[in-house]
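Have a look at the structure below before the remarks.
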Amino acid sequence: MKARTRKRCSHCQEIKPIAEFYSGRRVCKVCFKIQRDNYDKAYPDAKRERNKRWANSHREHEAERVRRWKENNRERILIYSRNHNQKPEAKEYRRKWEKEHQEERRISGRIYAERRRARKAEAQGSHTVEQWLEIRAFYGRCLACGRTDVELTEDHIIPISCGGSNDIGNIQPLCQSCNSVKGTKIIDYRAEQAF
């Protein structure tokens with residue numbers, strides 16, 4: 001008798017190679033994953049319980065996985081650990097890292113606040129710290145008053161409160177005072193610049 005090499009999935013009704021099925025299952029691996037995901041969304045407590053049972057029965061495997069992750073991510077642990085009882089070398093490493101990345105941390109904090117405000121206003125689009133730094137470096141000055149000796153802030157050309165997006169195409173660099181004066185007016189200072 002010839003061995004079967006293909007099989008029909010009972011869910012999608014497609015005929016597939018035997019390798020596309022788990023042993024003893026009538027549903028292919030793709031459909032099985034879809035069914036499992038749907039079940040997990042419908043019954044999150046059951047998924048949590050299943051994961052707990054697996055972790056308890058595979059303690060050595062789980063401990064090894066955590067040990068490997070910690071070994072490969074030592075720097076992340078030292079930077080992001082906020083444990084008050086952390087080792088002195090971790091505290092020192094964190095202080096040094098924060099000092100070296102002070103500007104980047106301050107800017108990313110501002111961008112995070114802008115993102116949060118945009119999300120609350122249900123505005124579309126987003127941008128990264130790198131994109132903002134590129135725009136700031138490209139213009140190098142406040143587009144409204146032309147000053148270069150001031151700190152530049154992100155200004156939304158079409159304000160978020162007026163339905164503007166948080167995309168980088170809607171951002172222009174202005175100093176804090178010009179940004180405040182502009183308020184919720186729609187002014188594109190980039191168009192007025194001659195390069």
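Letters for chains follow the order of the structure tokens (A, B, ...), residue numbers begin at 1 for each chain, and ligand numbers begin at 1 in the order shown.
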Those of chain A in DSSP helix (DSSP H, G or I), formatted as a ChimeraX atom specification: /A:18-20,29-42,44-57,59-72,74-80,88-100,102-120,129-139,160-162,168-170,176-182,189-192
Near-A:Ala144 list (9 Å; only C-alpha atoms; drop same-chain fewer than 3 positions) as a PyMOL selection string: chain A and resi 141+147+173-175+178-179+189-190
Stretch 17-22 of chain A surroundings by only C-alpha atoms, 6 Å radius, close-in-sequence under 2 positions cut, as a list of chain:residue names: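 Selected residues are A:Thr5, A:Arg6, A:Lys7, A:Arg25, A:Cys28, A:Lys29.
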Å distance separating atom CA of A:Glu100 from atom CA of A:Ala137, one decimal place: 19.5 Å
Exercise: A:Ser165 partners within 8 Å, only C-alpha atoms, chain neighbours under 6 positions left out, as a PyMOL selection string: chain A and resi 118+123-126+156+158-159
Would you put the residues from that selection into a file with N, CA and C atoms, as an mmCIF file, in the first residue's frame?
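The resulting file, selection.cif, is reproduced below:
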```
data_model
loop_
_atom_site.group_PDB
_atom_site.id
_atom_site.type_symbol
_atom_site.label_atom_id
_atom_site.label_comp_id
_atom_site.auth_asym_id
_atom_site.auth_seq_id
_atom_site.Cartn_x
_atom_site.Cartn_y
_atom_site.Cartn_z
ATOM 1 N N ALA A 118 -1.230 63.548 20.513
ATOM 2 C CA ALA A 118 -1.811 63.259 19.195
ATOM 3 C C ALA A 118 -2.748 62.056 19.270
ATOM 4 N N ALA A 123 -5.247 61.982 16.242
ATOM 5 C CA ALA A 123 -4.569 62.484 15.045
ATOM 6 C C ALA A 123 -3.846 61.337 14.354
ATOM 7 N N GLN A 124 -3.724 61.423 13.046
ATOM 8 C CA GLN A 124 -3.053 60.395 12.254
ATOM 9 C C GLN A 124 -1.549 60.655 12.229
ATOM 10 N N GLY A 125 -0.777 59.630 11.865
ATOM 11 C CA GLY A 125 0.659 59.759 11.635
ATOM 12 C C GLY A 125 1.486 59.835 12.912
ATOM 13 N N SER A 126 2.791 59.644 12.729
ATOM 14 C CA SER A 126 3.752 59.782 13.824
ATOM 15 C C SER A 126 5.130 59.976 13.209
ATOM 16 N N HIS A 156 3.483 72.068 14.780
ATOM 17 C CA HIS A 156 2.622 71.434 13.785
ATOM 18 C C HIS A 156 2.078 72.533 12.873
ATOM 19 N N ILE A 158 -0.288 72.463 10.533
ATOM 20 C CA ILE A 158 -1.724 72.418 10.811
ATOM 21 C C ILE A 158 -1.834 71.829 12.208
ATOM 22 N N PRO A 159 -2.223 72.633 13.200
ATOM 23 C CA PRO A 159 -2.232 72.149 14.578
ATOM 24 C C PRO A 159 -3.094 70.898 14.756
#
```
Separation of atom CA of A:Val129 from atom CA of A:Asp188, in Å and rounded to one decimal: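 The value is 21.3 Å.
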Which of A:Cys9, A:Ile160, A:Ala42, A:Leu133 sits closest to A:Arg26 [using only C-alpha atoms]: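 Going through A:Cys9, A:Ile160, A:Ala42, A:Leu133 one by one, the smallest distance to A:Arg26 is for A:Cys9.
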Computed interatomic separation between atom CA of A:His127 and atom CA of A:Asn166 (Å): 7.0 Å
DSSP strand (DSSP E or B) residues within stretch 8-182 of chain A, as a PyMOL selection string: chain A and resi 8+15-17+21+28+152-156+171-175
Write a file of the just-selected residues containing C-alpha atoms, as a tab-separated table (two decimals), in the first residue's frame.
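The resulting file, again.tsv, is shown below:
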```
chain	number	residue	atom	x	y	z
A	8	ARG	CA	-7.10	17.75	2.76
A	15	ILE	CA	-5.08	19.70	-0.32
A	16	LYS	CA	-1.59	20.11	1.11
A	17	PRO	CA	1.55	18.00	1.70
A	21	PHE	CA	-0.02	19.12	9.20
A	28	CYS	CA	-3.22	22.26	8.57
A	152	LEU	CA	14.08	74.66	18.51
A	153	THR	CA	10.73	73.05	19.23
A	154	GLU	CA	8.38	71.04	17.05
A	155	ASP	CA	5.55	73.07	15.57
A	156	HIS	CA	2.62	71.43	13.79
A	171	ILE	CA	6.35	69.50	11.49
A	172	GLN	CA	8.51	72.62	11.26
A	173	PRO	CA	11.19	73.88	13.69
A	174	LEU	CA	10.31	77.06	15.60
A	175	CYS	CA	11.72	78.59	18.77
```
